[in-house]
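Chemist: Below: one structure in structure tokens.
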Amino acid sequence: MKTLLLFGLLIFAPQVLIAHMVTYKDGYTIASMAGPDFGLFKGAYTFHPRFAASFEHYRWLDTNEQQKQRGVFQLNSRLKRWNAPDSQGNIYAGVGYGEDETFAYQVEADWEDRQYYVWGSFRGLDSDAKANAGELGSGNQSIKKLRAGLAPYVVNADALHTWLILEYENNSFMSDRESLTPFIRLFYKNFLTELGYGFDNQFRFNFMIHM
Amino acid sequence: MKILIISLFLSAASFAWAGSGHDMATVNVNGMVCDMCAQGIKKQFKENAMTEVDLDKKTVTLHFKDGKTLDDQQIKEKLKDAGYDVTAIQRSKMEG
């Protein structure tokens, strides 16, 4: 079953993340975001309540339709969390280093209660220092995402949670492509999945497991 | 005869459980908004207690295993490790 699951994750060969960058101490996260021409796969371990180490694998098609990829190791920190009786807000940041002297950096913020959710993320890869930086296009690439979500019903723990989410993305890996995608998110206990169909007529699939 | 033996065994077991009872703590927690939060919290306490998370009441109820109780500070630290803030802890004993 595990093999089948991992195979499925690789087939959908992932896009950027829906998972919090830091979860809970000793928590593991496997997450992916998959689209037809850009994907990100992430494996993370939260070794401290405020810090997590992750491996992130990017893949994308360049302007010549050539498959490109980068793997980076990243250190992530939850800089601030606000816990209120009915809501939670977070600010995260991460820096990483990987293949071909690529620097990775990321900032992320979110706020959610049990019915509403907003989230923003900026993620960049910088390989200017490397002679073959041209492989990454301009050498600096980024993905900006904004999301707003609404839960059509509110349920207690250990029930199926459903969210309707609208996502805006600007992706410089894909020549600053902008996209707007409605998603349906379903999550039950440790498993979360999102299926979206964008106004650019592309399917997107996201998946996350916490352990 | 088998049924009689099984019945006696179950009766004895239930009397033993009823006699023992177990310690409980009901913890009011800020920041619990989703099922992922609940799963993270359950993981923090899995060695010490059976854990119930109620997102409506904003409470975590700990049913401590035999000899595995935690003091208030330990409970607060474990919930802090999971990313949440404790606002109150009430102790009680559940009679079997």
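The way I read the labels, and the way they are meant: chains A, B, ... in the order of the structure tokens, residue 1 as the first residue of every chain, and ligand 1 as the first ligand shown, with later ones counted on from there.
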Might you pull out every residue within 8 Å of Asn30 of chain B, with only C-alpha atoms counted and same-chain residues fewer than 4 positions away left off, and present them as a list in words?
Modeler: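 In the requested form, the answer reads Asn83, Ala84, Pro85, Asp86 and Ser87 of chain A; Lys58, Tyr84, Asp85, Val86 and Thr87 of chain B.
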Chemist: Filtering to N, CA, C and O atoms, could you give me those residues as a PDB file, in the first residue's frame?
Modeler:
```pdb
ATOM      1  N   ASN A  83      -2.374  32.435  18.558  1.00  0.00           N
ATOM      2  CA  ASN A  83      -3.458  31.513  18.869  1.00  0.00           C
ATOM      3  C   ASN A  83      -4.570  32.272  19.559  1.00  0.00           C
ATOM      4  O   ASN A  83      -4.364  32.858  20.621  1.00  0.00           O
ATOM      5  N   ALA A  84      -5.746  32.281  18.970  1.00  0.00           N
ATOM      6  CA  ALA A  84      -6.926  32.884  19.595  1.00  0.00           C
ATOM      7  C   ALA A  84      -7.923  31.760  19.840  1.00  0.00           C
ATOM      8  O   ALA A  84      -7.766  30.659  19.305  1.00  0.00           O
ATOM      9  N   PRO A  85      -8.966  32.026  20.649  1.00  0.00           N
ATOM     10  CA  PRO A  85      -9.902  30.936  20.935  1.00  0.00           C
ATOM     11  C   PRO A  85     -10.496  30.311  19.662  1.00  0.00           C
ATOM     12  O   PRO A  85     -10.686  29.100  19.601  1.00  0.00           O
ATOM     13  N   ASP A  86     -10.764  31.127  18.649  1.00  0.00           N
ATOM     14  CA  ASP A  86     -11.426  30.595  17.451  1.00  0.00           C
ATOM     15  C   ASP A  86     -10.602  30.720  16.182  1.00  0.00           C
ATOM     16  O   ASP A  86     -11.136  30.504  15.086  1.00  0.00           O
ATOM     17  N   SER A  87      -9.360  31.075  16.289  1.00  0.00           N
ATOM     18  CA  SER A  87      -8.574  31.256  15.065  1.00  0.00           C
ATOM     19  C   SER A  87      -7.087  31.092  15.345  1.00  0.00           C
ATOM     20  O   SER A  87      -6.647  31.013  16.501  1.00  0.00           O
TER      21      SER A  87
ATOM     22  N   LYS B  58     -13.391  23.610  22.167  1.00  0.00           N
ATOM     23  CA  LYS B  58     -11.996  24.055  22.252  1.00  0.00           C
ATOM     24  C   LYS B  58     -11.283  23.383  23.423  1.00  0.00           C
ATOM     25  O   LYS B  58     -10.530  24.011  24.167  1.00  0.00           O
ATOM     26  N   TYR B  84       0.165  25.120  20.383  1.00  0.00           N
ATOM     27  CA  TYR B  84      -1.068  25.701  20.922  1.00  0.00           C
ATOM     28  C   TYR B  84      -0.862  26.251  22.333  1.00  0.00           C
ATOM     29  O   TYR B  84       0.091  25.900  23.014  1.00  0.00           O
ATOM     30  N   ASP B  85      -1.805  27.107  22.755  1.00  0.00           N
ATOM     31  CA  ASP B  85      -1.723  27.745  24.065  1.00  0.00           C
ATOM     32  C   ASP B  85      -2.821  27.211  24.980  1.00  0.00           C
ATOM     33  O   ASP B  85      -3.990  27.150  24.588  1.00  0.00           O
ATOM     34  N   VAL B  86      -2.428  26.889  26.215  1.00  0.00           N
ATOM     35  CA  VAL B  86      -3.379  26.396  27.208  1.00  0.00           C
ATOM     36  C   VAL B  86      -3.940  27.579  27.983  1.00  0.00           C
ATOM     37  O   VAL B  86      -3.203  28.465  28.413  1.00  0.00           O
ATOM     38  N   THR B  87      -5.258  27.582  28.164  1.00  0.00           N
ATOM     39  CA  THR B  87      -5.862  28.662  28.958  1.00  0.00           C
ATOM     40  C   THR B  87      -6.366  28.166  30.315  1.00  0.00           C
ATOM     41  O   THR B  87      -6.475  28.942  31.249  1.00  0.00           O
TER      42      THR B  87
END
```
Chemist: Do a neighbour search on Glu169 of chain A at 8 Å with only C-alpha atoms, toss out local chain neighbours closer than 2 positions, and write the hits as a compact mmCIF listing (two decimals) with N, CA, C and O atoms, in the first residue's frame.
Modeler:
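The resulting file, result_16.txt, is shown below:
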```
# COMPACT_ATOMS: atom_id res chain seq x y z
N ILE A 143 7.65 31.89 -7.26
CA ILE A 143 6.23 31.54 -7.32
C ILE A 143 5.53 32.33 -6.23
O ILE A 143 5.91 32.26 -5.06
N LYS A 144 4.55 33.10 -6.62
CA LYS A 144 3.74 33.85 -5.65
C LYS A 144 2.34 33.27 -5.69
O LYS A 144 1.76 33.09 -6.75
N LYS A 145 1.84 33.02 -4.49
CA LYS A 145 0.49 32.45 -4.42
C LYS A 145 -0.33 33.16 -3.37
O LYS A 145 0.19 33.51 -2.29
N LEU A 146 -1.58 33.38 -3.67
CA LEU A 146 -2.54 33.91 -2.70
C LEU A 146 -3.76 33.01 -2.71
O LEU A 146 -4.18 32.58 -3.79
N GLU A 167 -7.42 30.15 -5.68
CA GLU A 167 -5.98 30.42 -5.64
C GLU A 167 -5.53 31.23 -6.84
O GLU A 167 -5.86 30.92 -7.98
N ASN A 171 3.73 32.55 -11.60
CA ASN A 171 4.82 31.57 -11.62
C ASN A 171 5.85 31.96 -12.68
O ASN A 171 5.60 31.83 -13.88
N ARG A 177 3.66 33.19 -15.77
CA ARG A 177 2.28 32.79 -16.02
C ARG A 177 1.41 33.10 -14.80
O ARG A 177 1.78 32.82 -13.67
N GLU A 178 0.25 33.67 -15.05
CA GLU A 178 -0.71 33.93 -13.98
C GLU A 178 -1.87 32.97 -14.14
O GLU A 178 -2.32 32.70 -15.26
N SER A 179 -2.34 32.47 -13.01
CA SER A 179 -3.47 31.55 -13.10
C SER A 179 -4.39 31.74 -11.91
O SER A 179 -3.97 32.20 -10.83
N LEU A 180 -5.62 31.44 -12.13
CA LEU A 180 -6.64 31.51 -11.08
C LEU A 180 -7.34 30.15 -11.07
O LEU A 180 -7.87 29.72 -12.09
```
Chemist: Identify every residue of chain B that has at least one atom within 8 Å of any atom of chain A, counting only C-alpha atoms, and report the result as a list in words.
Modeler: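 Every residue meeting the condition is included here: Val29, Asn30, Gly31, Met32, Val33, Cys34, Asp35, Met36, Ala38, Gln39, Gly40, Val53, Asp54, Leu55, Asp56, Lys58, Lys80, Asp81, Ala82, Gly83, Tyr84 and Asp85 of chain B.
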Chemist: Excluding Met94 of chain B and its own-chain neighbours fewer than 5 positions away, which residues fall within 8 Å of it when counting only C-alpha atoms? Please give them as a list in words.
Modeler: Gly21, His22, Asp23 and Met24 of chain B
Chemist: Between atom CA of Ile91 of chain A and atom CA of Ser121 of chain A, measure the distance and give it in Å to one decimal.
Modeler: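 Atom CA of Ser121 of chain A lies 9.9 Å from atom CA of Ile91 of chain A.
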Chemist: Just the strand (DSSP E) stuff from segment 8-93 of chain B, please, per backbone DSSP, written as number ranges by chain.
Modeler: B: 22-30, 49-54, 59-64, 85-93
Chemist: Write out, as a PDB file, in the first residue's frame, the residues just selected, with C-alpha atoms.
Modeler:
```
ATOM      1  CA  HIS B  22      -8.580   6.638  35.760  1.00  0.00           C
ATOM      2  CA  ASP B  23      -7.333  10.194  35.997  1.00  0.00           C
ATOM      3  CA  MET B  24      -8.532  12.763  33.512  1.00  0.00           C
ATOM      4  CA  ALA B  25      -7.614  16.294  32.585  1.00  0.00           C
ATOM      5  CA  THR B  26      -9.750  18.609  30.501  1.00  0.00           C
ATOM      6  CA  VAL B  27      -7.632  21.294  28.914  1.00  0.00           C
ATOM      7  CA  ASN B  28      -8.939  24.495  27.318  1.00  0.00           C
ATOM      8  CA  VAL B  29      -6.786  25.332  24.317  1.00  0.00           C
ATOM      9  CA  ASN B  30      -6.497  28.344  22.016  1.00  0.00           C
ATOM     10  CA  ALA B  49      -3.102   9.184  27.531  1.00  0.00           C
ATOM     11  CA  MET B  50      -6.047   8.504  25.298  1.00  0.00           C
ATOM     12  CA  THR B  51      -6.861  11.906  23.851  1.00  0.00           C
ATOM     13  CA  GLU B  52     -10.146  13.412  22.728  1.00  0.00           C
ATOM     14  CA  VAL B  53     -10.124  16.726  20.878  1.00  0.00           C
ATOM     15  CA  ASP B  54     -13.308  18.786  20.706  1.00  0.00           C
ATOM     16  CA  THR B  59     -10.954  21.357  24.701  1.00  0.00           C
ATOM     17  CA  VAL B  60      -8.524  18.475  24.827  1.00  0.00           C
ATOM     18  CA  THR B  61      -9.565  15.688  27.201  1.00  0.00           C
ATOM     19  CA  LEU B  62      -6.807  13.394  28.416  1.00  0.00           C
ATOM     20  CA  HIS B  63      -7.654   9.970  29.827  1.00  0.00           C
ATOM     21  CA  PHE B  64      -4.381   9.000  31.457  1.00  0.00           C
ATOM     22  CA  ASP B  85      -1.723  27.745  24.065  1.00  0.00           C
ATOM     23  CA  VAL B  86      -3.379  26.396  27.208  1.00  0.00           C
ATOM     24  CA  THR B  87      -5.862  28.662  28.958  1.00  0.00           C
ATOM     25  CA  ALA B  88      -7.134  26.327  31.710  1.00  0.00           C
ATOM     26  CA  ILE B  89      -6.776  22.775  33.060  1.00  0.00           C
ATOM     27  CA  GLN B  90      -9.424  20.946  35.086  1.00  0.00           C
ATOM     28  CA  ARG B  91      -8.628  17.640  36.779  1.00  0.00           C
ATOM     29  CA  SER B  92     -11.122  14.874  37.474  1.00  0.00           C
ATOM     30  CA  LYS B  93     -11.337  11.139  37.950  1.00  0.00           C
TER      31      LYS B  93
END
```
